[in-house]
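Pasting input-v8.tsv here (TSV, C-alpha atoms):
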```tsv
chain	number	residue	atom	x	y	z
F	36	MET	CA	19.46	8.88	8.10
F	37	ASP	CA	18.62	8.24	4.45
F	38	THR	CA	15.76	5.78	4.24
F	39	GLN	CA	15.44	5.74	0.46
F	40	ILE	CA	16.23	2.55	-1.40
F	41	PRO	CA	18.36	3.42	-4.45
F	42	GLU	CA	16.68	3.43	-7.88
F	43	GLN	CA	18.90	0.63	-9.21
F	44	HIS	CA	18.42	-1.62	-6.18
F	45	PRO	CA	17.48	-5.21	-7.14
F	46	LEU	CA	14.37	-5.01	-4.94
F	47	ARG	CA	13.00	-2.14	-7.05
F	48	GLN	CA	13.73	-4.11	-10.20
F	49	LEU	CA	12.08	-7.26	-8.81
F	50	PHE	CA	8.91	-5.51	-7.63
F	51	GLY	CA	8.76	-3.42	-10.80
F	52	SER	CA	8.94	-6.42	-13.11
F	53	LEU	CA	6.50	-8.47	-11.00
F	54	ALA	CA	3.97	-5.63	-10.92
F	55	GLU	CA	4.21	-5.00	-14.66
F	56	LYS	CA	3.89	-8.71	-15.45
F	57	VAL	CA	0.97	-9.34	-13.11
F	58	PHE	CA	-1.02	-6.24	-13.99
F	59	ALA	CA	-0.50	-6.64	-17.75
F	60	GLU	CA	-0.69	-10.42	-18.17
F	61	LYS	CA	-2.95	-11.63	-15.38
F	62	LEU	CA	-5.20	-8.61	-14.90
F	63	GLY	CA	-5.15	-7.21	-18.44
F	64	TRP	CA	-4.45	-3.74	-17.09
F	65	ALA	CA	-1.18	-2.41	-18.49
F	66	ASP	CA	-1.12	1.02	-16.85
F	67	PHE	CA	2.48	2.03	-16.22
F	68	LYS	CA	1.61	4.73	-13.64
F	69	VAL	CA	-0.39	2.22	-11.58
F	70	THR	CA	2.24	-0.53	-11.75
F	71	GLU	CA	4.98	1.97	-10.93
F	72	TYR	CA	2.99	3.22	-7.94
F	73	VAL	CA	2.29	-0.32	-6.71
F	74	SER	CA	5.91	-1.44	-7.09
F	75	THR	CA	7.15	1.71	-5.32
F	76	LEU	CA	4.67	1.03	-2.53
F	77	LEU	CA	6.04	-2.51	-2.15
F	78	VAL	CA	9.60	-1.22	-1.96
F	79	ASP	CA	8.72	1.53	0.50
F	80	PHE	CA	6.80	-0.82	2.78
F	81	THR	CA	9.70	-3.25	3.07
F	82	ARG	CA	10.77	-0.84	5.79
F	83	SER	CA	8.58	-0.85	8.88
F	84	ASP	CA	9.36	2.83	9.49
F	85	HIS	CA	7.60	3.54	6.18
F	86	LEU	CA	4.74	1.13	6.88
F	87	TYR	CA	4.07	2.95	10.15
F	88	ARG	CA	5.31	6.41	9.12
F	89	ILE	CA	2.33	8.39	10.41
F	90	LYS	CA	3.01	9.71	13.89
F	91	ASP	CA	0.59	11.12	16.44
F	92	SER	CA	1.12	14.39	18.31
F	93	ARG	CA	3.39	12.60	20.82
F	94	GLY	CA	5.56	11.20	18.02
F	95	ALA	CA	4.35	7.61	18.41
F	96	SER	CA	3.64	5.52	15.32
F	97	VAL	CA	-0.03	5.13	14.47
F	98	GLU	CA	-0.59	1.51	13.51
F	99	ALA	CA	-4.35	0.86	13.53
F	100	VAL	CA	-6.43	2.09	10.59
F	101	VAL	CA	-9.11	3.36	12.95
F	102	GLU	CA	-6.49	5.58	14.62
F	103	LEU	CA	-5.19	6.69	11.22
F	104	LEU	CA	-8.73	7.77	10.33
F	105	TYR	CA	-8.84	9.85	13.48
F	106	GLU	CA	-5.43	11.35	12.63
F	107	SER	CA	-6.70	12.27	9.17
F	108	GLU	CA	-9.54	14.49	10.34
F	109	VAL	CA	-8.73	18.20	10.28
F	110	ILE	CA	-11.20	18.95	13.05
F	111	HIS	CA	-9.56	16.35	15.30
F	112	LYS	CA	-5.88	15.70	14.74
F	113	ALA	CA	-4.72	16.52	11.21
F	114	GLY	CA	-4.36	20.26	11.72
F	115	SER	CA	-4.14	21.02	8.00
F	116	PHE	CA	-5.56	19.81	4.73
F	117	GLU	CA	-2.06	18.78	3.63
F	118	ARG	CA	-1.78	16.51	6.66
F	119	GLU	CA	-5.27	15.14	5.98
F	120	ARG	CA	-4.32	14.32	2.39
F	121	ASP	CA	-1.03	12.72	3.47
F	122	VAL	CA	-2.72	10.54	6.07
F	123	HIS	CA	-5.46	9.49	3.63
F	124	ARG	CA	-2.84	8.56	1.06
F	125	HIS	CA	-1.13	6.46	3.70
F	126	ILE	CA	-4.44	4.82	4.67
F	127	GLY	CA	-5.04	3.91	1.03
F	128	ASP	CA	-1.50	2.55	0.71
F	129	PHE	CA	-1.62	0.64	4.00
F	130	THR	CA	-5.02	-0.95	3.39
F	131	LEU	CA	-4.06	-1.91	-0.17
F	132	PHE	CA	-0.80	-3.43	1.01
F	133	MET	CA	-2.37	-5.41	3.86
F	134	ALA	CA	-5.44	-6.57	1.90
F	135	GLY	CA	-3.33	-7.64	-1.07
F	136	LEU	CA	-0.30	-9.21	0.56
F	137	PHE	CA	-1.63	-10.28	3.95
F	138	PRO	CA	-5.31	-11.20	3.66
F	139	GLU	CA	-4.83	-13.73	6.46
F	140	TYR	CA	-4.06	-10.80	8.77
F	141	LEU	CA	-7.42	-9.24	7.94
F	142	LYS	CA	-9.18	-12.55	8.57
F	143	ARG	CA	-7.39	-12.88	11.88
F	144	ILE	CA	-8.44	-9.45	13.17
F	145	LYS	CA	-12.05	-10.28	12.24
F	146	SER	CA	-11.97	-13.58	14.14
F	147	ALA	CA	-13.66	-13.96	17.48
F	148	GLY	CA	-10.33	-14.34	19.24
F	149	LEU	CA	-9.30	-10.81	18.38
F	150	ILE	CA	-12.63	-9.03	18.82
F	151	TYR	CA	-10.82	-6.35	20.78
F	152	HIS	CA	-8.50	-5.43	17.91
F	153	LYS	CA	-8.96	-1.74	17.13
F	154	ASP	CA	-9.63	-2.48	13.44
F	155	PHE	CA	-12.22	-5.18	14.14
F	156	LEU	CA	-15.03	-3.15	12.53
F	157	ILE	CA	-12.94	-1.58	9.75
F	158	ASP	CA	-13.48	-2.76	6.17
F	159	TYR	CA	-10.01	-2.30	4.67
F	160	VAL	CA	-11.24	-2.31	1.06
F	161	LYS	CA	-13.97	0.30	1.58
F	162	THR	CA	-11.66	2.42	3.73
F	163	GLY	CA	-8.81	2.25	1.21
F	164	LYS	CA	-11.09	3.15	-1.70
F	165	ARG	CA	-12.54	6.09	0.25
F	166	SER	CA	-9.09	7.36	1.23
F	167	TYR	CA	-7.72	7.20	-2.31
F	168	ARG	CA	-10.87	8.97	-3.56
F	169	MET	CA	-10.29	11.72	-1.01
F	170	VAL	CA	-6.65	12.06	-2.09
F	171	ALA	CA	-7.82	12.43	-5.69
F	172	GLU	CA	-10.25	15.16	-4.64
F	173	PHE	CA	-7.54	17.00	-2.67
F	174	GLY	CA	-5.20	16.76	-5.64
F	175	ASP	CA	-6.54	19.79	-7.44
F	176	ARG	CA	-3.82	21.96	-5.92
F	177	PRO	CA	-0.55	21.86	-7.94
F	178	GLN	CA	1.61	22.37	-4.84
F	179	ASP	CA	0.37	19.00	-3.53
F	180	MET	CA	1.54	17.07	-6.56
F	181	ASP	CA	4.64	15.07	-7.10
F	182	GLU	CA	5.40	12.67	-9.93
F	183	HIS	CA	3.47	9.84	-8.25
F	184	SER	CA	0.53	11.82	-6.88
F	185	SER	CA	-1.64	12.94	-9.76
F	186	PRO	CA	-5.39	12.97	-9.06
F	187	PRO	CA	-6.13	10.64	-12.02
F	188	LEU	CA	-3.78	8.04	-10.52
F	189	PHE	CA	-5.58	8.09	-7.17
F	190	ARG	CA	-8.95	8.04	-8.91
F	191	LYS	CA	-7.82	4.91	-10.76
F	192	LEU	CA	-6.60	3.35	-7.51
F	193	ALA	CA	-9.93	4.13	-5.81
F	194	GLU	CA	-12.06	2.86	-8.70
F	195	ASN	CA	-9.97	-0.29	-9.16
F	196	PHE	CA	-8.99	-0.98	-5.57
F	197	GLU	CA	-10.19	-4.60	-5.61
F	198	LEU	CA	-8.26	-5.24	-8.84
F	199	CYS	CA	-5.12	-3.81	-7.23
F	200	VAL	CA	-5.69	-6.07	-4.20
F	201	LEU	CA	-5.96	-9.04	-6.56
F	202	GLY	CA	-2.78	-7.95	-8.34
F	203	LEU	CA	-0.90	-7.79	-5.05
F	204	GLY	CA	-2.21	-11.26	-4.24
F	205	TYR	CA	-0.71	-12.54	-7.50
F	206	ILE	CA	2.57	-10.77	-6.70
F	207	ARG	CA	2.61	-12.47	-3.32
F	208	GLY	CA	2.09	-15.82	-5.05
F	209	ASP	CA	5.00	-15.08	-7.36
F	210	LEU	CA	7.19	-14.11	-4.40
F	211	ASP	CA	6.21	-17.33	-2.61
F	212	ARG	CA	7.16	-19.37	-5.69
F	213	LEU	CA	10.52	-17.61	-5.87
F	214	GLN	CA	11.27	-18.99	-2.41
F	215	ASP	CA	10.27	-22.54	-3.33
F	216	PRO	CA	13.37	-24.80	-3.14
F	217	ARG	CA	12.40	-26.47	-6.44
F	218	TYR	CA	12.39	-23.09	-8.17
F	219	GLN	CA	15.75	-22.25	-6.64
F	220	GLN	CA	17.17	-25.58	-7.84
F	221	VAL	CA	15.97	-25.03	-11.43
F	222	ARG	CA	17.31	-21.48	-11.34
F	223	ARG	CA	20.75	-22.74	-10.26
F	224	LEU	CA	20.71	-25.28	-13.10
F	225	LEU	CA	19.85	-22.59	-15.66
F	226	ASN	CA	22.56	-20.16	-14.52
```
Representation of the structure as structure tokens:
Amino acid sequence: MDTQIPEQHPLRQLFGSLAEKVFAEKLGWADFKVTEYVSTLLVDFTRSDHLYRIKDSRGASVEAVVELLYESEVIHKAGSFERERDVHRHIGDFTLFMAGLFPEYLKRIKSAGLIYHKDFLIDYVKTGKRSYRMVAEFGDRPQDMDEHSSPPLFRKLAENFELCVLGLGYIRGDLDRLQDPRYQQVRRLLN
């Protein structure tokens, strides 16, 4: 089953334009590689099978960051440095996505009512920064690279993780406004 969303899909265009606008205008950081990576991440994570794409040895989705960290360790579960890099990239992506778009989720798992949540003691920002930094360090091998995986990109993501979280927060605000009935009414009038 093909799980790729086509390049010309309106969702790609929406997330691409929102990311470029937010990062350039609101954050003052017009870095095309970063905005392209962030918008691709948003598109990819619209599918839950991508959001929870890391599987354990039994084939079950790994959903908690603490379990992803365990899966990323070569001496425990990863089995290879390529797997370790892949899982760390996913940890960076997942923590960035959740911290930026769903900060209320992070607050909820830290609340007393959910003290037994597996990620209760995990700092998503520190963990995401560390994972992206590790991906950048692994990236010295050309066979590990693809067009969106250069070490400088992951170094930028690690060093500016909080800024990326803020950018995703702005994107979420823009998406919320797009759903506002008043916005929809004005849009209908203008079309």
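Restricting the calculation to all atoms listed in the file, the smallest distance between F:Asp84 and any of F:Val97, F:Ala54, F:Ile157, F:Cys199 is found for F:Val97.
Each of F:Asp121, F:Ile40, F:Tyr159, F:Pro216 was compared to F:Arg82 using all atoms listed in the file, and F:Ile40 turns out to be the nearest.
One finds atom CA of F:Val73 at 22.8 Å from atom CA of F:Ser96.
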For stretch 129-139 of chain F, list every protein, DNA or RNA residue within 10 Å, evaluated using only C-alpha atoms, and leave out those in the same chain fewer than 4 positions away; present the list as a PyMOL selection string.
-> chain F and resi 73+76-77+80+85-87+98-100+123-125+143-145+158-164+166+192+196-208
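The spacing separating atom CA of F:Arg165 from atom CA of F:Leu103 amounts to 13.2 Å.
Atom pair atom CA of F:Lys142 / atom CA of F:Lys61 has a distance of 24.8 Å (rounded to one decimal).
Distances here use all atoms listed in the file; by that measure, the residue among F:Ser74, F:Gln220, F:Ser146, F:Arg118 closest to F:Lys90 is F:Arg118.
Considering the residues F:Ile126, F:Leu141, F:Leu46, F:Val170 and counting all atoms listed in the file, F:Leu156 has its shortest atom-to-atom contact with F:Leu141.
Across F:Asp215, F:Val122, F:Leu210, F:Lys191, the tightest approach to F:Val69 is made by F:Lys191 when counting all atoms listed in the file.
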